[in-house]
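Peer 1: Once you've had a glance at the structure underneath, I'll fire off some questions.
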Amino acid sequence: MTEIFFQLIQVALGRRTALERTLTAAEWNELYQMVKKQVLVGIGFVGMQRLPSEQWPDRSLVLKWNKAAQKLEDKNNDLNKRCEALCRRFQQDDFWVCVLKGQSNLPYYPEQLRAMRNPGDIDLWVRDGKGLDVRSVIEYCDAIRPGQEVHYRPTYLNSPFRNRVLHRWFEEQAKEQVNNIQSIGKNQFPVPTLEFNVVYQLLHIYRHLFLEGIGLRQLIDYHFVLQAYEQSSLSASKRAELWQLICRLGMKKFAGAVMWALQKVCHTDEKYLLCPARQKGGEFLLSEIMVAGNFGHYDTRFGAKAPEGTLKHSVQKQLHNMLFLTSYPEEVFFEPCYRFFHWAWRTFRLWRYGIGYAGT
């Protein structure tokens, strides 16, 4: 059924017109569960609607699917309003702010798919507009809602050497991102530029592969980012610069794996790919996505998930990361060191003394 699932996604994305065969009622129910597992109810519903009528499931499943999909437009509109309100609040208090991934991806989607993207959480990149360190951001957020996290940097890498390169680039890019105000539906708020997203969203997929697992929703987001990137007016020199950065961050091999997975799942046109597809790494990446589901919620290989901060959770995380040792040894090697530092940084509030930077 996995191949049929990918075909349904490709129909939704306009990359094919029908499934290779008509499914039974049992197969359609199995396919619907796969769609839910990957948080693609809306995208799957569009795909189903675009099929020839003789390939549709029975009426009861159509009605069930339609009911679930119709809620998405309201959820997206509500989240857009919340994004605008949150950004305005931070801006009024002299903070720089930008909405990362999630709702900021909607402009890349075709209009008929935009309202059908399953929304998630709101991720904000917040900086102190007065030029102070992260302490002011943390204290401000704690005053609003203790324990709440925002991103002081959009993401990170376990390797301290790669992380230094990444954070230097974030510093260079910050002002342009917070000033890039776009209309999303009926609302307006700052979102990353296309060039930023080409690097950042690849990093986001990479980080979540190690952290929790990644879902097909993020892969489809990147499919549309790359389409917009190829169709943009960016110069060849700027494109070369962004690719060199991806290589300096140690993600050349991973990028090739993502390109293969995009071709397999979305049937992404070769002209949109950042680099040649890498089948071996891509097959491994896609198998992890299909086993774990959205953000690893369905991954039972290492037992029931333990709460954050417990010894069992740390052991589970290390066992999970060992799956990637031969593919991405540098990130696996530095992960325990980074995790210990992050724990100490948060537990002893080392940010109060200007010591280091960890996590979000």
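Quick note on naming: the chains in the structure tokens go A, B, ... in the order shown, residues restart at 1 in each chain, and ligands are numbered from 1 in order of appearance.
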Mind checking DSSP for stretch 31-263 of chain A and telling me the alpha helix (DSSP H) residues as a PyMOL selection string?
Peer 2: chain A and resi 31-37+41-49+59-92+111-114+134-144+160-178+194-211+216-231+236-248+252-263
Peer 1: Select from stretch 115-218 of chain A every residue with an atom at most 12 Å from any atom of stretch 241-259 of chain A, then for each give the shortest pair of atoms and their distance in Å to one decimal, using only C-alpha atoms, rows by chain and rising number, as JSON lines.
Peer 2:
```
{"residue": "A:Tyr156", "atom": "CA", "partner": "A:Leu249", "partner_atom": "CA", "distance": 10.4}
{"residue": "A:Leu157", "atom": "CA", "partner": "A:Leu249", "partner_atom": "CA", "distance": 8.4}
{"residue": "A:Asn158", "atom": "CA", "partner": "A:Leu249", "partner_atom": "CA", "distance": 10.9}
{"residue": "A:Ser159", "atom": "CA", "partner": "A:Leu249", "partner_atom": "CA", "distance": 9.3}
{"residue": "A:Pro160", "atom": "CA", "partner": "A:Leu249", "partner_atom": "CA", "distance": 10.7}
{"residue": "A:Phe161", "atom": "CA", "partner": "A:Leu249", "partner_atom": "CA", "distance": 8.8}
{"residue": "A:Arg162", "atom": "CA", "partner": "A:Leu249", "partner_atom": "CA", "distance": 5.3}
{"residue": "A:Asn163", "atom": "CA", "partner": "A:Leu249", "partner_atom": "CA", "distance": 7.8}
{"residue": "A:Arg164", "atom": "CA", "partner": "A:Leu249", "partner_atom": "CA", "distance": 9.5}
{"residue": "A:Val165", "atom": "CA", "partner": "A:Leu249", "partner_atom": "CA", "distance": 7.1}
{"residue": "A:Leu166", "atom": "CA", "partner": "A:Leu249", "partner_atom": "CA", "distance": 6.9}
{"residue": "A:His167", "atom": "CA", "partner": "A:Leu249", "partner_atom": "CA", "distance": 10.6}
{"residue": "A:Arg168", "atom": "CA", "partner": "A:Leu245", "partner_atom": "CA", "distance": 11.3}
{"residue": "A:Trp169", "atom": "CA", "partner": "A:Leu245", "partner_atom": "CA", "distance": 8.9}
{"residue": "A:Phe170", "atom": "CA", "partner": "A:Leu245", "partner_atom": "CA", "distance": 11.7}
{"residue": "A:Leu194", "atom": "CA", "partner": "A:Leu242", "partner_atom": "CA", "distance": 11.3}
{"residue": "A:Glu195", "atom": "CA", "partner": "A:Leu242", "partner_atom": "CA", "distance": 7.6}
{"residue": "A:Phe196", "atom": "CA", "partner": "A:Leu242", "partner_atom": "CA", "distance": 8.7}
{"residue": "A:Asn197", "atom": "CA", "partner": "A:Leu242", "partner_atom": "CA", "distance": 10.5}
{"residue": "A:Val198", "atom": "CA", "partner": "A:Leu242", "partner_atom": "CA", "distance": 8.1}
{"residue": "A:Val199", "atom": "CA", "partner": "A:Ile246", "partner_atom": "CA", "distance": 6.6}
{"residue": "A:Tyr200", "atom": "CA", "partner": "A:Ile246", "partner_atom": "CA", "distance": 9.5}
{"residue": "A:Gln201", "atom": "CA", "partner": "A:Ala255", "partner_atom": "CA", "distance": 11.0}
{"residue": "A:Leu202", "atom": "CA", "partner": "A:Ala255", "partner_atom": "CA", "distance": 7.3}
{"residue": "A:Leu203", "atom": "CA", "partner": "A:Met251", "partner_atom": "CA", "distance": 8.1}
{"residue": "A:His204", "atom": "CA", "partner": "A:Met251", "partner_atom": "CA", "distance": 11.5}
{"residue": "A:Ile205", "atom": "CA", "partner": "A:Val258", "partner_atom": "CA", "distance": 8.8}
{"residue": "A:Tyr206", "atom": "CA", "partner": "A:Phe254", "partner_atom": "CA", "distance": 7.5}
{"residue": "A:Arg207", "atom": "CA", "partner": "A:Met251", "partner_atom": "CA", "distance": 10.9}
{"residue": "A:Leu209", "atom": "CA", "partner": "A:Phe254", "partner_atom": "CA", "distance": 10.7}
{"residue": "A:Ile214", "atom": "CA", "partner": "A:Val258", "partner_atom": "CA", "distance": 11.7}
{"residue": "A:Leu216", "atom": "CA", "partner": "A:Val258", "partner_atom": "CA", "distance": 11.1}
{"residue": "A:Gln218", "atom": "CA", "partner": "A:Val258", "partner_atom": "CA", "distance": 10.9}
```
Peer 1: What does the file look like for those residues with N, CA and C atoms, as a tab-separated table (two decimals), in the first residue's frame?
Peer 2:
```tsv
chain	number	residue	atom	x	y	z
A	156	TYR	N	19.76	24.22	15.37
A	156	TYR	CA	21.15	24.03	15.77
A	156	TYR	C	21.67	22.72	15.19
A	157	LEU	N	22.97	22.52	15.31
A	157	LEU	CA	23.61	21.26	14.95
A	157	LEU	C	24.40	20.76	16.16
A	158	ASN	N	24.48	19.47	16.32
A	158	ASN	CA	25.20	18.91	17.47
A	158	ASN	C	26.69	19.20	17.41
A	159	SER	N	27.25	19.16	16.24
A	159	SER	CA	28.68	19.43	16.08
A	159	SER	C	28.96	20.90	16.40
A	160	PRO	N	29.83	21.19	17.37
A	160	PRO	CA	30.09	22.60	17.71
A	160	PRO	C	30.72	23.37	16.57
A	161	PHE	N	31.45	22.69	15.72
A	161	PHE	CA	32.12	23.36	14.59
A	161	PHE	C	31.10	23.76	13.53
A	162	ARG	N	30.21	22.83	13.18
A	162	ARG	CA	29.15	23.15	12.22
A	162	ARG	C	28.18	24.17	12.83
A	163	ASN	N	27.91	24.04	14.12
A	163	ASN	CA	26.97	24.93	14.80
A	163	ASN	C	27.46	26.37	14.75
A	164	ARG	N	28.77	26.56	14.88
A	164	ARG	CA	29.34	27.91	14.83
A	164	ARG	C	29.10	28.55	13.46
A	165	VAL	N	29.30	27.77	12.42
A	165	VAL	CA	29.06	28.26	11.06
A	165	VAL	C	27.58	28.63	10.89
A	166	LEU	N	26.71	27.75	11.38
A	166	LEU	CA	25.27	27.95	11.25
A	166	LEU	C	24.81	29.21	11.96
A	167	HIS	N	25.25	29.41	13.19
A	167	HIS	CA	24.77	30.55	13.97
A	167	HIS	C	25.35	31.86	13.46
A	168	ARG	N	26.53	31.81	12.88
A	168	ARG	CA	27.08	33.01	12.24
A	168	ARG	C	26.20	33.42	11.06
A	169	TRP	N	25.72	32.41	10.31
A	169	TRP	CA	24.84	32.69	9.17
A	169	TRP	C	23.50	33.23	9.65
A	170	PHE	N	22.97	32.68	10.75
A	170	PHE	CA	21.72	33.20	11.31
A	170	PHE	C	21.85	34.68	11.67
A	194	LEU	N	12.65	33.10	0.90
A	194	LEU	CA	12.78	31.83	0.18
A	194	LEU	C	14.19	31.27	0.28
A	195	GLU	N	15.20	32.14	0.12
A	195	GLU	CA	16.59	31.68	0.20
A	195	GLU	C	16.89	31.08	1.58
A	196	PHE	N	16.38	31.73	2.62
A	196	PHE	CA	16.58	31.24	3.98
A	196	PHE	C	15.95	29.86	4.14
A	197	ASN	N	14.74	29.70	3.62
A	197	ASN	CA	14.01	28.44	3.78
A	197	ASN	C	14.66	27.27	3.04
A	198	VAL	N	15.33	27.55	1.94
A	198	VAL	CA	16.01	26.47	1.22
A	198	VAL	C	17.02	25.77	2.13
A	199	VAL	N	17.71	26.54	2.95
A	199	VAL	CA	18.69	25.97	3.89
A	199	VAL	C	18.00	25.54	5.18
A	200	TYR	N	17.20	26.45	5.75
A	200	TYR	CA	16.62	26.19	7.07
A	200	TYR	C	15.70	24.98	7.09
A	201	GLN	N	14.83	24.83	6.09
A	201	GLN	CA	13.88	23.72	6.15
A	201	GLN	C	14.56	22.38	5.87
A	202	LEU	N	15.64	22.39	5.13
A	202	LEU	CA	16.44	21.17	5.00
A	202	LEU	C	17.05	20.82	6.36
A	203	LEU	N	17.54	21.83	7.06
A	203	LEU	CA	18.07	21.63	8.42
A	203	LEU	C	17.00	21.13	9.37
A	204	HIS	N	15.78	21.66	9.21
A	204	HIS	CA	14.68	21.25	10.08
A	204	HIS	C	14.39	19.75	9.92
A	205	ILE	N	14.36	19.28	8.70
A	205	ILE	CA	14.16	17.85	8.44
A	205	ILE	C	15.30	17.05	9.05
A	206	TYR	N	16.51	17.53	8.88
A	206	TYR	CA	17.71	16.86	9.40
A	206	TYR	C	17.67	16.76	10.92
A	207	ARG	N	17.34	17.87	11.60
A	207	ARG	CA	17.32	17.88	13.06
A	207	ARG	C	16.25	16.93	13.60
A	209	LEU	N	14.99	14.35	12.24
A	209	LEU	CA	15.34	12.95	12.00
A	209	LEU	C	16.03	12.39	13.24
A	214	ILE	N	10.63	12.49	11.55
A	214	ILE	CA	10.08	13.52	10.67
A	214	ILE	C	8.94	12.91	9.86
A	216	LEU	N	5.97	13.08	6.49
A	216	LEU	CA	5.89	13.44	5.08
A	216	LEU	C	5.39	14.86	4.88
A	218	GLN	N	6.48	17.53	6.25
A	218	GLN	CA	7.65	18.39	6.11
A	218	GLN	C	8.35	18.17	4.77
```
Peer 1: Do you have the atom CA of A:Leu40-atom CA of A:Asn118 distance handy?
Peer 2: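 For atom CA of A:Leu40 relative to atom CA of A:Asn118, the distance reads 6.5 Å.
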Peer 1: Looking only at strand (DSSP E) from DSSP on the backbone, list the matching residues of stretch 38-114 of chain A as a ChimeraX atom specification.
Peer 2: /A:95-100
Peer 1: With N, CA and C atoms retained, write the just-selected residues as a tab-separated table (two decimals), in the first residue's frame.
Peer 2:
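Output saved as selection.tsv:
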```tsv
chain	number	residue	atom	x	y	z
A	95	PHE	N	10.80	43.62	20.36
A	95	PHE	CA	11.50	42.40	19.97
A	95	PHE	C	11.35	42.19	18.46
A	96	TRP	N	12.38	41.62	17.88
A	96	TRP	CA	12.30	41.18	16.49
A	96	TRP	C	11.68	39.79	16.50
A	97	VAL	N	10.80	39.53	15.54
A	97	VAL	CA	10.13	38.23	15.53
A	97	VAL	C	9.85	37.79	14.10
A	98	CYS	N	9.82	36.47	13.91
A	98	CYS	CA	9.58	35.89	12.60
A	98	CYS	C	8.92	34.52	12.81
A	99	VAL	N	7.89	34.19	12.01
A	99	VAL	CA	7.21	32.89	12.10
A	99	VAL	C	7.95	31.88	11.24
A	100	LEU	N	8.46	30.83	11.88
A	100	LEU	CA	9.22	29.80	11.17
A	100	LEU	C	8.30	28.67	10.70
```
